[in-house]
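Following: one structure in structure tokens, then a few remarks.
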Amino acid sequence: MKFKRVFVIVADSLGVGALEDAYKYNDEGANTLKHLSYAKSDFHIPVLESLGIGFITDINNTRPVENPLASYGKMRELSVGKDTLTGHFEIMGLKVDTPFPVFTETGFPKELVDLLEKETGHKFIGNIAASGTEIIKELGEEHIKTKALILYTSSDSVLQIAANESVIPLEELYRVCEIARKITLEHPQWMVGRIIARPFIGTNPENFTRTANRHDYAIKPFGKTTLDFLKEAGYDVIAIGKIRDIFDGEGITESIKTKSNLDGMMQTIEVAKRDFTGLCFVNLVDFDAVYGHRRNALGYAQSVEEFDKTLETLLPLIKEEDLLIICADHGNDPLHHGTDHTREYVPLLVYNKNLPSVNLGIRETFADVGYTICDIFGTKKPSIGSNLLDDILKK
């Protein structure tokens, strides 16, 4: 079959059960989708159910339907780690052998903070894992009074620096973040995936608000990805959500920012109404950032239901020459201990109304997604992965 457009939607953190090596990560028993579904007694995802998600794991009120519309399976993470960059890099064909460091439990080492202060000329406060909105409420007034920058991290491999735009000019905040990026690249033990500038405005905790002037300084992919292969061959690569930040812009021809999962799906629906040839690559980050890390199982369940409703609008726009792939990048079980990601299988749904529905089983790597896309468009391919369509069409 010939395809003109491929849509890949990453439901960020929507894992479907602990991987065999989950014990190495203290993640035995994790199952994000199963556990969030049972947090809401009337959980209802009819569109995902019709696609075949009920075959992948045990989901409340969701069964394996008689004639699923999509092919279904789950994917194993070949890379080491369980973070956003690692998952997305592997989806697009890059295996990560060394996990990006996280500082959730400890904060950043004194040596790193001392070097940051020396190189930037600024003092730092905070240095904990925290919600970005909460830490500016907690430390924003001290920052305004002392001009010390707010340093914090999360459960991901990130170093974030927040500053009030009326206290620290944007260009100065960006300069500080560029120095932080340089320092962390020079010291492998501190080489976080992303440095993020987090400007905010306001005069007190009641009105502190983060602005749209966020800037990410990501590690560029350490090799060519499916995105590069497509762009180099002249195809469109449309990034929706935080995809551009994850890949530091590499291999992307158009980037669309989003405010929420719902906004992300509305943007995807608008792109689906357009004429293009290539890939539309979508990340829905709220599942992870708003619900998973905050261990809000009910909110996560409601967000998945909202996603399901938007698929009602998207599916009719998936034409005969289109392919839709829904997957995830890691788990973040809202009933698991701590606030970190969980090492899990991720779901795989592959939809085109003219394709047969088959059980794709357990895939050996997330990279089957990127490999399939390259095969569809006849470009160079990743060194790992296999073509999902070969298994769908041979059965």
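If you're wondering about the labels, chains in the structure tokens are A, B, ... by order shown, residues count from 1 in each chain, ligands from 1 in order shown.
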For this session: Write out as a ChimeraX atom specification all residues of region 178-377 of chain A that DSSP puts in alpha helix (DSSP H) for this structure's backbone.
Result: /A:178-186,226-232,243-246,261-272,286,297-314,368-377
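Within region 7-92 of chain A, residues classed as strand (DSSP E) by DSSP on backbone coordinates are Phe7, Val8, Ile9, Val10, Ala11, Ser71, Tyr72, Gly73, Lys74 and Met75 of chain A.
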Now that the selection is made, can you save its residues with C-alpha atoms as a compact mmCIF listing (two decimals), in the first residue's frame?
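selection16.txt was written with the following content:
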```txt
# COMPACT_ATOMS: atom_id res chain seq x y z
CA PHE A 7 0.32 10.60 11.90
CA VAL A 8 2.14 9.45 15.04
CA ILE A 9 0.52 10.42 18.34
CA VAL A 10 2.58 9.85 21.48
CA ALA A 11 0.30 9.63 24.52
CA SER A 71 -3.80 -3.58 14.48
CA TYR A 72 -2.66 -3.72 18.09
CA GLY A 73 0.26 -4.77 20.25
CA LYS A 74 2.78 -3.38 22.67
CA MET A 75 6.40 -2.31 22.37
```
Can you tell me which residues surround region 303-320 of chain A at a distance of at most 7 Å, considering only C-alpha atoms, apart from same-chain residues fewer than 5 positions away, and format the answer as an mmCIF file with C-alpha atoms, in the first residue's frame?
```cif
data_model
loop_
_atom_site.group_PDB
_atom_site.id
_atom_site.type_symbol
_atom_site.label_atom_id
_atom_site.label_comp_id
_atom_site.auth_asym_id
_atom_site.auth_seq_id
_atom_site.Cartn_x
_atom_site.Cartn_y
_atom_site.Cartn_z
ATOM 1 C CA HIS A 44 -15.199 4.944 29.135
ATOM 2 C CA ILE A 45 -12.988 5.039 26.019
ATOM 3 C CA VAL A 47 -13.022 4.888 20.293
ATOM 4 C CA LEU A 48 -9.815 3.383 21.666
ATOM 5 C CA MET A 265 -5.446 17.236 19.343
ATOM 6 C CA ILE A 269 -7.175 17.740 13.501
ATOM 7 C CA ALA A 272 -5.235 16.475 9.094
ATOM 8 C CA LYS A 273 -7.449 18.798 7.036
ATOM 9 C CA PHE A 287 -0.852 12.856 30.680
ATOM 10 C CA ASN A 352 -5.978 2.670 8.247
ATOM 11 C CA LYS A 353 -9.528 1.723 7.310
ATOM 12 C CA ASN A 354 -8.329 -0.495 4.442
#
```
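CA of Ile150 (chain A) sits 15.0 Å away from CA of Gly202 (chain A).
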For this session: Tell me which of A:Asp263, A:Thr225, A:Val346, A:Gln160 sits closest to Gly251 (chain A), counting only C-alpha atoms.
Result: A:Thr225
For this session: Considering only C-alpha atoms, return as a PyMOL selection string whatever protein or nucleic-acid residues lie within 12 Å of Glu141 (chain A), sequence-local ones (same chain, fewer than 3 positions apart) excluded.
Result: chain A and resi 125+135-138+144-150+163-164+167+200-208
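Restricting the calculation to only C-alpha atoms, the smallest distance between Thr184 (chain A) and any of A:Ala129, A:Leu112, A:Cys327, A:His293 is found for A:Leu112.
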